[in-house]
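**Q** So that we are looking at the same thing, I have put the structure below in structure tokens.
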2 protein chains.
Amino acid sequence: MTDKTPIIKVALIQQKKTADIADNRRRLTEEIIKAAQMGAQLIVNQELHDSLYFCQNEDVETFDLAVELDSSATGVYSQLAKNLGVVIVTSMFERRAAGLYHNTAIVFDSDGSEAGCYRKTHIPDDPGFYEKFYFTPGDLGIKPIETSLGKLGVLVCWDQWYPEAARLMALQGAELLIYPTAIGWQDTDPEDEKQRQREAWTTVQRGHAVANGIPVIAVNRVGHEDDPSGVSDGITFWGSSFIAGPQGEILHKSPDDREETAVVEVDMRRSENVRRWWPFLRDRRIDLYDGLTKRYLD
Amino acid sequence: MTDKTPIIKVALIQQKKTADIADNRRRLTEEIIKAAQMGAQLIVNQELHDSLYFCQNEDVETFDLAVELDSSATGVYSQLAKNLGVVIVTSMFERRAAGLYHNTAIVFDSDGSEAGCYRKTHIPDDPGFYEKFYFTPGDLGIKPIETSLGKLGVLVCWDQWYPEAARLMALQGAELLIYPTAIGWQDTDPEDEKQRQREAWTTVQRGHAVANGIPVIAVNRVGHEDDPSGVSDGITFWGSSFIAGPQGEILHKSPDDREETAVVEVDMRRSENVRRWWPFLRDRRIDLYDGLTKRYLD
């Protein structure tokens, strides 16, 4: 990547979503076109961008929202990538078979071809985020996706809390870490707890940038979505999408309360320089790391 | 730890050092006594606190500074721990045999006994920090040290850049991560680069707190030390010692330009609560982590 594209223009598209799938796709298409017009080469979308975040309750009817990977629902993004000559990172609710669904990121290269896909491997489950009901843990492994812009370390949301996933991407030559995300507050949380949560979310991902000497791109949804079950007050997604450089330095941060399409220049040459000065990969004590493959060691 | 000591009073002692070892020890002893008088139960010291940071050049005479683990040089801290009834984390230049030296943290329990020691496992080497010349990589493994206050995940400086080390401590039940440190700027670095470096150092460690749901204590030296070889302008250690809670939230941060002894209350019950809400350990994909024990995977 260093040779071919020293600077990559990355777009973050942070949006609110409604129950109207067609309208969500139409509005996203508009923003993708706008981002390309702003010069974006790589366009990163939030998690499950075609729908509401539907995991607030467990409802078998919701499986109707899932799409097959090679379908008109994904084809629209392939066509956009080709027409605009951009790489697009999408996030889909994948129907693989009856009773077998994944949370899957598909990456389309700038010629419209499918560069690769990644099935979310770490699946959360806590009140309001009932993802273990909807998504089978990914079985494609944790592997970067090769594109015309370089090797993309595409992971999804809950993966972002796991240094293991980021490190595995870096060890396979990923040049960017990319996290489509849907995370928010319960409105009933006190303000200081809300800020601690958002700051923790930002910090742990900036930490992956530092530990691996590569930039991180996180794109989150924004706005309030009701809980269809009425059990809770719903989730207010906190936006705050960001790009951090290879020292964890914030290059761009989106607002926490409204939509934004931003295009940010990421200088890929900095990773090479940062890793020369801080050669963490050189000194890993792989002779001592066997325990990392265990559940617990106590 | 939760049952016996819900709140631990932790002291950070951030100091400048000179070539006068006896004076360094005398001044540190004063601060340890002061910290105990302020109510500290756990006292954490900076890396190699008895001397200058001697790794700015490679000089065989410097090995004269090394001490045996069971010697008067360590005994003074054992005695202080016993007399004051506090747990003390020390950092020593260990002489294990002729031509075999380590960078070793010894922890003394509140009865003066040696609770355990840890030999720095990740050893840096970059201009001004020629540690591979002085320190053999540790062979005691990455294991918490059991004390009367709980299990301490004691690591040293360069270890702090490695999520692997923090995770291994957490998987063995460490309740706190502790990093005696000596890190600073070259004075010739531009100001924005200095700030990026210090922020990266803070961020990656706060990230370990978040990923593992436990507090982090980092104690750094402060002040300028000349390069004895005259090759460089020396190092200005940036202080900025800090304690972060289990969401990475900063509980205390020391100044970057002067000495400080601070005593901070750390509520250990928060780790239990944070881990219930964000149960990252539950969802680790250990079936996919084999690659972490490899040097590189590309």
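Scheme for the structure tokens: letters A, B, ... for chains in order shown; per-chain residue numbers from 1; ligand numbers from 1 in order shown.
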Could you give me, as JSON lines, a per-residue list for chain A showing, wherever an atom lies at most 7 Å from an atom of chain B, the closest pair of atoms and their distance in Å to one decimal, using only C-alpha atoms and sorting by chain then residue number from low to high?

**A**
```
{"residue": "A:His122", "atom": "CA", "partner": "B:Asp283", "partner_atom": "CA", "distance": 6.0}
{"residue": "A:Ile123", "atom": "CA", "partner": "B:Asp283", "partner_atom": "CA", "distance": 6.8}
{"residue": "A:Gly141", "atom": "CA", "partner": "B:Leu288", "partner_atom": "CA", "distance": 6.5}
{"residue": "A:Trp161", "atom": "CA", "partner": "B:Ala211", "partner_atom": "CA", "distance": 5.8}
{"residue": "A:Tyr162", "atom": "CA", "partner": "B:Ala211", "partner_atom": "CA", "distance": 6.5}
{"residue": "A:Pro163", "atom": "CA", "partner": "B:Pro163", "partner_atom": "CA", "distance": 6.3}
{"residue": "A:Leu168", "atom": "CA", "partner": "B:Leu292", "partner_atom": "CA", "distance": 6.5}
{"residue": "A:Leu171", "atom": "CA", "partner": "B:Tyr296", "partner_atom": "CA", "distance": 4.9}
{"residue": "A:Gln172", "atom": "CA", "partner": "B:Asp298", "partner_atom": "CA", "distance": 4.6}
{"residue": "A:Gly173", "atom": "CA", "partner": "B:Asp298", "partner_atom": "CA", "distance": 6.2}
{"residue": "A:Arg196", "atom": "CA", "partner": "B:Glu249", "partner_atom": "CA", "distance": 6.4}
{"residue": "A:Ala200", "atom": "CA", "partner": "B:Gln247", "partner_atom": "CA", "distance": 5.6}
{"residue": "A:Thr203", "atom": "CA", "partner": "B:Gly207", "partner_atom": "CA", "distance": 5.7}
{"residue": "A:Val204", "atom": "CA", "partner": "B:Gly207", "partner_atom": "CA", "distance": 4.2}
{"residue": "A:Arg206", "atom": "CA", "partner": "B:Thr203", "partner_atom": "CA", "distance": 6.9}
{"residue": "A:Gly207", "atom": "CA", "partner": "B:Val204", "partner_atom": "CA", "distance": 4.2}
{"residue": "A:Val210", "atom": "CA", "partner": "B:Ala200", "partner_atom": "CA", "distance": 6.2}
{"residue": "A:Ala211", "atom": "CA", "partner": "B:Trp161", "partner_atom": "CA", "distance": 5.8}
{"residue": "A:Gln247", "atom": "CA", "partner": "B:Ala200", "partner_atom": "CA", "distance": 5.5}
{"residue": "A:Gly248", "atom": "CA", "partner": "B:Ala200", "partner_atom": "CA", "distance": 5.9}
{"residue": "A:Glu249", "atom": "CA", "partner": "B:Arg196", "partner_atom": "CA", "distance": 6.4}
{"residue": "A:Asp283", "atom": "CA", "partner": "B:His122", "partner_atom": "CA", "distance": 6.0}
{"residue": "A:Arg284", "atom": "CA", "partner": "B:His122", "partner_atom": "CA", "distance": 6.7}
{"residue": "A:Arg285", "atom": "CA", "partner": "B:His122", "partner_atom": "CA", "distance": 6.6}
{"residue": "A:Ile286", "atom": "CA", "partner": "B:Thr293", "partner_atom": "CA", "distance": 4.9}
{"residue": "A:Leu288", "atom": "CA", "partner": "B:Gly141", "partner_atom": "CA", "distance": 6.5}
{"residue": "A:Tyr289", "atom": "CA", "partner": "B:Thr293", "partner_atom": "CA", "distance": 5.6}
{"residue": "A:Asp290", "atom": "CA", "partner": "B:Thr293", "partner_atom": "CA", "distance": 6.2}
{"residue": "A:Gly291", "atom": "CA", "partner": "B:Leu168", "partner_atom": "CA", "distance": 6.6}
{"residue": "A:Leu292", "atom": "CA", "partner": "B:Leu168", "partner_atom": "CA", "distance": 6.5}
{"residue": "A:Thr293", "atom": "CA", "partner": "B:Ile286", "partner_atom": "CA", "distance": 4.9}
{"residue": "A:Lys294", "atom": "CA", "partner": "B:Ile286", "partner_atom": "CA", "distance": 6.2}
{"residue": "A:Arg295", "atom": "CA", "partner": "B:Ile286", "partner_atom": "CA", "distance": 6.7}
{"residue": "A:Tyr296", "atom": "CA", "partner": "B:Leu171", "partner_atom": "CA", "distance": 4.9}
{"residue": "A:Leu297", "atom": "CA", "partner": "B:Gln172", "partner_atom": "CA", "distance": 4.9}
{"residue": "A:Asp298", "atom": "CA", "partner": "B:Gln172", "partner_atom": "CA", "distance": 4.7}
```

**Q** Could you name the residues that touch Met268 in chain A at 9 Å or less, counting only C-alpha atoms, but leaving out those on the same chain fewer than 4 positions away, as number ranges by chain?

**A** A: 1-2, 5-8, 175-176, 214-215, 245-246, 272

**Q** Could you dump the residues just selected with N, CA, C and O atoms as an mmCIF file, in the first residue's frame?

**A**
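File part.cif, as written:
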```
data_model
loop_
_atom_site.group_PDB
_atom_site.id
_atom_site.type_symbol
_atom_site.label_atom_id
_atom_site.label_comp_id
_atom_site.auth_asym_id
_atom_site.auth_seq_id
_atom_site.Cartn_x
_atom_site.Cartn_y
_atom_site.Cartn_z
ATOM 1 N N MET A 1 0.829 -1.205 0.000
ATOM 2 C CA MET A 1 0.000 0.000 0.000
ATOM 3 C C MET A 1 0.869 1.262 0.000
ATOM 4 O O MET A 1 0.580 2.248 -0.680
ATOM 5 N N THR A 2 1.981 1.190 0.738
ATOM 6 C CA THR A 2 2.854 2.358 0.856
ATOM 7 C C THR A 2 3.258 2.887 -0.519
ATOM 8 O O THR A 2 3.198 4.079 -0.776
ATOM 9 N N THR A 5 -0.351 3.822 -2.866
ATOM 10 C CA THR A 5 -1.254 4.874 -2.421
ATOM 11 C C THR A 5 -0.761 5.434 -1.089
ATOM 12 O O THR A 5 -1.262 5.054 -0.037
ATOM 13 N N PRO A 6 0.199 6.343 -1.128
ATOM 14 C CA PRO A 6 0.723 6.868 0.139
ATOM 15 C C PRO A 6 -0.350 7.533 0.985
ATOM 16 O O PRO A 6 -0.296 7.483 2.197
ATOM 17 N N ILE A 7 -1.335 8.154 0.330
ATOM 18 C CA ILE A 7 -2.433 8.764 1.086
ATOM 19 C C ILE A 7 -3.754 8.195 0.583
ATOM 20 O O ILE A 7 -4.006 8.168 -0.625
ATOM 21 N N ILE A 8 -4.571 7.692 1.492
ATOM 22 C CA ILE A 8 -5.892 7.179 1.131
ATOM 23 C C ILE A 8 -6.945 8.124 1.680
ATOM 24 O O ILE A 8 -6.887 8.514 2.850
ATOM 25 N N GLU A 175 -3.322 -3.365 6.782
ATOM 26 C CA GLU A 175 -2.763 -2.013 6.790
ATOM 27 C C GLU A 175 -3.697 -1.000 7.435
ATOM 28 O O GLU A 175 -3.299 0.116 7.758
ATOM 29 N N LEU A 176 -4.938 -1.397 7.589
ATOM 30 C CA LEU A 176 -5.945 -0.572 8.275
ATOM 31 C C LEU A 176 -6.826 -1.519 9.082
ATOM 32 O O LEU A 176 -7.106 -2.632 8.636
ATOM 33 N N ILE A 214 -0.906 0.759 13.153
ATOM 34 C CA ILE A 214 -1.709 0.991 11.942
ATOM 35 C C ILE A 214 -2.951 1.815 12.301
ATOM 36 O O ILE A 214 -3.395 1.801 13.444
ATOM 37 N N PRO A 215 -3.513 2.535 11.302
ATOM 38 C CA PRO A 215 -4.702 3.348 11.589
ATOM 39 C C PRO A 215 -5.935 2.495 11.878
ATOM 40 O O PRO A 215 -6.010 1.327 11.460
ATOM 41 N N GLY A 245 -4.809 7.584 13.753
ATOM 42 C CA GLY A 245 -3.570 7.219 13.086
ATOM 43 C C GLY A 245 -2.821 6.143 13.860
ATOM 44 O O GLY A 245 -3.296 5.664 14.898
ATOM 45 N N PRO A 246 -1.645 5.733 13.372
ATOM 46 C CA PRO A 246 -0.927 4.588 13.944
ATOM 47 C C PRO A 246 -0.335 4.835 15.326
ATOM 48 O O PRO A 246 0.201 3.901 15.926
ATOM 49 N N GLU A 272 4.697 2.937 8.503
ATOM 50 C CA GLU A 272 6.078 2.470 8.322
ATOM 51 C C GLU A 272 7.007 3.191 9.303
ATOM 52 O O GLU A 272 7.824 2.557 9.983
#
```

**Q** Compile the contact shell of Ser240 in chain B as a VMD selection string: residues with an atom at most 12 Å away, counting only C-alpha atoms, same-chain residues fewer than 3 positions apart removed.

**A** chain B and resid 12 to 15 46 181 to 184 195 197 to 199 201 to 202 217 to 223 237 243 250 252 to 262

**Q** Next, write the just-selected residues to a file, as a short mmCIF file (atom, residue, chain, number, x, y, z; two decimals), in the first residue's frame, keeping C-alpha atoms as the atom set.

**A**
```cif
data_model
loop_
_atom_site.label_atom_id
_atom_site.label_comp_id
_atom_site.auth_asym_id
_atom_site.auth_seq_id
_atom_site.Cartn_x
_atom_site.Cartn_y
_atom_site.Cartn_z
CA LEU B 12 2.36 6.50 42.97
CA ILE B 13 5.87 7.81 43.60
CA GLN B 14 7.16 9.72 40.58
CA GLN B 15 10.73 11.02 41.02
CA GLN B 46 9.00 3.75 38.89
CA THR B 181 8.18 2.71 33.76
CA ALA B 182 10.99 4.92 32.44
CA ILE B 183 9.89 6.62 29.25
CA GLY B 184 10.62 10.06 27.88
CA GLN B 195 2.35 14.80 22.75
CA GLN B 197 3.97 9.72 22.04
CA ARG B 198 2.78 10.44 25.55
CA GLU B 199 -0.85 10.09 24.54
CA TRP B 201 1.61 5.51 25.93
CA THR B 202 -1.38 6.47 28.08
CA ILE B 217 -1.34 1.72 37.52
CA ALA B 218 1.62 3.20 35.60
CA VAL B 219 4.44 4.99 37.41
CA ASN B 220 7.01 6.82 35.31
CA ARG B 221 10.16 8.74 36.18
CA VAL B 222 10.37 12.47 35.53
CA GLY B 223 13.01 15.03 34.63
CA PHE B 237 11.26 11.57 31.19
CA ILE B 243 -4.17 5.27 37.49
CA ILE B 250 -8.42 8.30 34.46
CA HIS B 252 -5.38 10.30 38.72
CA LYS B 253 -2.67 11.76 36.53
CA SER B 254 0.64 13.15 37.80
CA PRO B 255 2.36 16.21 36.29
CA ASP B 256 4.79 15.83 33.40
CA ASP B 257 7.55 18.06 34.78
CA ARG B 258 7.95 17.48 38.50
CA GLU B 259 8.01 14.91 41.26
CA GLU B 260 4.84 13.76 42.94
CA THR B 261 3.73 11.32 45.59
CA ALA B 262 0.01 10.77 45.27
#
```

**Q** What are the DSSP strand (DSSP E) residues of range 32-281 of chain A, as a ChimeraX atom specification?

**A** /A:42-45,87-97,100-108,114-119,145-147,150-154,176-181,184-186,216-220,222-225,235-238,242-244,250-253,260-267

**Q** Need the shell around Ser91 in chain B: protein/DNA/RNA residues with any atom at most 8 Å away, counting only C-alpha atoms. Skip same-chain ones fewer than 4 positions apart. Format as a list in words?

**A**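 Once the adjacent positions are removed, what remains is Asn45, Gln46, Glu47, Leu48, His49, Asn103, Thr104, Ala105, Ile106 and Pro180 of chain B.
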
**Q** Mind dumping the selected residues with all heavy atoms as a PDB file, in the first residue's frame?

**A**
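Produced file selection-v8.pdb, reproduced below:
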```
ATOM      1  N   ASN B  45       6.435   1.976  42.616  1.00  0.00           N
ATOM      2  CA  ASN B  45       7.581   2.802  42.256  1.00  0.00           C
ATOM      3  C   ASN B  45       7.852   2.754  40.762  1.00  0.00           C
ATOM      4  O   ASN B  45       7.420   1.854  40.058  1.00  0.00           O
ATOM      5  CB  ASN B  45       8.817   2.308  43.020  1.00  0.00           C
ATOM      6  CG  ASN B  45       8.691   2.563  44.507  1.00  0.00           C
ATOM      7  OD1 ASN B  45       8.727   3.702  44.942  1.00  0.00           O
ATOM      8  ND2 ASN B  45       8.498   1.491  45.277  1.00  0.00           N
ATOM      9  N   GLN B  46       8.631   3.713  40.304  1.00  0.00           N
ATOM     10  CA  GLN B  46       8.998   3.755  38.890  1.00  0.00           C
ATOM     11  C   GLN B  46      10.095   2.727  38.601  1.00  0.00           C
ATOM     12  O   GLN B  46      10.682   2.139  39.514  1.00  0.00           O
ATOM     13  CB  GLN B  46       9.477   5.165  38.537  1.00  0.00           C
ATOM     14  CG  GLN B  46      10.793   5.554  39.195  1.00  0.00           C
ATOM     15  CD  GLN B  46      10.984   7.059  39.225  1.00  0.00           C
ATOM     16  OE1 GLN B  46      10.046   7.809  39.508  1.00  0.00           O
ATOM     17  NE2 GLN B  46      12.181   7.506  38.958  1.00  0.00           N
ATOM     18  N   GLU B  47      10.349   2.532  37.311  1.00  0.00           N
ATOM     19  CA  GLU B  47      11.336   1.537  36.878  1.00  0.00           C
ATOM     20  C   GLU B  47      12.756   1.975  37.276  1.00  0.00           C
ATOM     21  O   GLU B  47      13.117   3.135  37.087  1.00  0.00           O
ATOM     22  CB  GLU B  47      11.252   1.402  35.351  1.00  0.00           C
ATOM     23  CG  GLU B  47      12.076   0.259  34.780  1.00  0.00           C
ATOM     24  CD  GLU B  47      11.982   0.196  33.257  1.00  0.00           C
ATOM     25  OE1 GLU B  47      11.535   1.185  32.630  1.00  0.00           O
ATOM     26  OE2 GLU B  47      12.365  -0.847  32.690  1.00  0.00           O
ATOM     27  N   LEU B  48      13.524   1.031  37.816  1.00  0.00           N
ATOM     28  CA  LEU B  48      14.941   1.260  38.147  1.00  0.00           C
ATOM     29  C   LEU B  48      15.105   2.510  39.013  1.00  0.00           C
ATOM     30  O   LEU B  48      15.923   3.395  38.739  1.00  0.00           O
ATOM     31  CB  LEU B  48      15.767   1.376  36.855  1.00  0.00           C
ATOM     32  CG  LEU B  48      15.694   0.141  35.929  1.00  0.00           C
ATOM     33  CD1 LEU B  48      16.304   0.456  34.566  1.00  0.00           C
ATOM     34  CD2 LEU B  48      16.352  -1.078  36.554  1.00  0.00           C
ATOM     35  N   HIS B  49      14.332   2.531  40.111  1.00  0.00           N
ATOM     36  CA  HIS B  49      14.208   3.746  40.917  1.00  0.00           C
ATOM     37  C   HIS B  49      15.435   4.083  41.740  1.00  0.00           C
ATOM     38  O   HIS B  49      15.511   5.160  42.310  1.00  0.00           O
ATOM     39  CB  HIS B  49      12.982   3.631  41.825  1.00  0.00           C
ATOM     40  CG  HIS B  49      12.872   2.305  42.528  1.00  0.00           C
ATOM     41  ND1 HIS B  49      13.719   1.935  43.541  1.00  0.00           N
ATOM     42  CD2 HIS B  49      12.046   1.238  42.324  1.00  0.00           C
ATOM     43  CE1 HIS B  49      13.391   0.703  43.944  1.00  0.00           C
ATOM     44  NE2 HIS B  49      12.386   0.248  43.222  1.00  0.00           N
ATOM     45  N   ASN B 103      15.921  -7.071  34.380  1.00  0.00           N
ATOM     46  CA  ASN B 103      15.186  -5.901  34.853  1.00  0.00           C
ATOM     47  C   ASN B 103      13.997  -6.467  35.634  1.00  0.00           C
ATOM     48  O   ASN B 103      13.042  -6.976  35.044  1.00  0.00           O
ATOM     49  CB  ASN B 103      14.723  -5.088  33.640  1.00  0.00           C
ATOM     50  CG  ASN B 103      14.040  -3.793  34.015  1.00  0.00           C
ATOM     51  OD1 ASN B 103      13.330  -3.722  35.006  1.00  0.00           O
ATOM     52  ND2 ASN B 103      14.245  -2.772  33.202  1.00  0.00           N
ATOM     53  N   THR B 104      14.079  -6.406  36.957  1.00  0.00           N
ATOM     54  CA  THR B 104      13.224  -7.247  37.799  1.00  0.00           C
ATOM     55  C   THR B 104      12.412  -6.441  38.798  1.00  0.00           C
ATOM     56  O   THR B 104      12.964  -5.588  39.500  1.00  0.00           O
ATOM     57  CB  THR B 104      14.105  -8.266  38.554  1.00  0.00           C
ATOM     58  OG1 THR B 104      14.854  -9.013  37.585  1.00  0.00           O
ATOM     59  CG2 THR B 104      13.273  -9.206  39.392  1.00  0.00           C
ATOM     60  N   ALA B 105      11.136  -6.722  38.832  1.00  0.00           N
ATOM     61  CA  ALA B 105      10.263  -6.114  39.847  1.00  0.00           C
ATOM     62  C   ALA B 105      10.114  -7.092  41.011  1.00  0.00           C
ATOM     63  O   ALA B 105       9.724  -8.237  40.806  1.00  0.00           O
ATOM     64  CB  ALA B 105       8.900  -5.802  39.242  1.00  0.00           C
ATOM     65  N   ILE B 106      10.446  -6.628  42.205  1.00  0.00           N
ATOM     66  CA  ILE B 106      10.213  -7.453  43.397  1.00  0.00           C
ATOM     67  C   ILE B 106       9.076  -6.811  44.178  1.00  0.00           C
ATOM     68  O   ILE B 106       9.057  -5.596  44.369  1.00  0.00           O
ATOM     69  CB  ILE B 106      11.432  -7.508  44.338  1.00  0.00           C
ATOM     70  CG1 ILE B 106      12.724  -7.680  43.550  1.00  0.00           C
ATOM     71  CG2 ILE B 106      11.276  -8.637  45.359  1.00  0.00           C
ATOM     72  CD1 ILE B 106      13.943  -7.685  44.446  1.00  0.00           C
ATOM     73  N   PRO B 180       5.780  -0.290  36.438  1.00  0.00           N
ATOM     74  CA  PRO B 180       6.897   0.640  36.680  1.00  0.00           C
ATOM     75  C   PRO B 180       7.535   0.972  35.321  1.00  0.00           C
ATOM     76  O   PRO B 180       7.724   0.070  34.489  1.00  0.00           O
ATOM     77  CB  PRO B 180       7.874  -0.172  37.544  1.00  0.00           C
ATOM     78  CG  PRO B 180       7.048  -1.298  38.116  1.00  0.00           C
ATOM     79  CD  PRO B 180       6.011  -1.595  37.070  1.00  0.00           C
TER      80      PRO B 180
END
```

**Q** If I take CA of Glu68 in chain B and CA of Glu94 in chain B, how far is one from the other in Å, to one decimal?

**A**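 Pair CA of Glu68 in chain B / CA of Glu94 in chain B returns 5.6 Å.
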
**Q** Quick check, in Å to one decimal: how far apart do CA of Leu177 in chain B and CA of Leu80 in chain B lie?

**A** 22.7 Å

**Q** Between CA of Gly153 in chain A and CA of Thr74 in chain A, what is the distance, to one decimal in Å?

**A**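 Atom-to-atom, CA of Gly153 in chain A to CA of Thr74 in chain A, that is 20.2 Å.
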
**Q** What's the 12 Å shell around Gly230 in chain A, counting only C-alpha atoms, without same-chain residues fewer than 4 positions away, as a PyMOL selection string?

**A** chain A and resi 56-57+128+225-226+234-235

**Q** Pull N, CA and C atoms from the residues just selected and write them as a compact mmCIF listing (two decimals), in the first residue's frame.

**A**
```txt
# COMPACT_ATOMS: atom_id res chain seq x y z
N GLN A 56 -32.60 -5.41 19.50
CA GLN A 56 -33.08 -4.95 20.81
C GLN A 56 -34.03 -5.94 21.46
N ASN A 57 -34.65 -6.79 20.61
CA ASN A 57 -35.46 -7.87 21.19
C ASN A 57 -35.27 -9.12 20.32
N GLY A 128 -30.70 -5.54 25.41
CA GLY A 128 -30.80 -4.58 24.31
C GLY A 128 -29.94 -4.94 23.11
N GLU A 225 -33.26 4.73 18.66
CA GLU A 225 -34.16 3.71 18.11
C GLU A 225 -34.93 3.09 19.26
N ASP A 226 -36.24 3.03 19.11
CA ASP A 226 -37.10 2.45 20.15
C ASP A 226 -36.86 0.95 20.29
N GLY A 234 -35.20 1.91 24.78
CA GLY A 234 -34.49 1.89 23.51
C GLY A 234 -33.03 2.28 23.67
N ILE A 235 -32.37 2.47 22.55
CA ILE A 235 -30.94 2.78 22.53
C ILE A 235 -30.74 4.11 21.80
```

**Q** How would you write, as a VMD selection string, the set of residues in range 115-291 of chain A that DSSP gives as helix (DSSP H, G or I)?

**A** chain A and resid 131 to 134 157 to 161 163 to 171 191 to 212 269 to 277 280 to 283 286 to 288 290 to 291

**Q** Quick one: residues within 9 Å of Phe133 in chain A, only C-alpha atoms, excluding same-chain residues fewer than 3 positions away - as a list in words?

**A**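 Here the qualifying residues turn out to be Cys55, Glu58, Asp59, Asp125, Tyr130 and Thr136 of chain A.
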
**Q** Name the closest residue to Arg25 in chain B among the candidates B:Ser110, B:Ser51, B:Gln79, B:Asn273; distances are taken between atoms, counting only C-alpha atoms.

**A**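 Ranking B:Ser110, B:Ser51, B:Gln79, B:Asn273 by distance to Arg25 in chain B, first place goes to B:Ser51.
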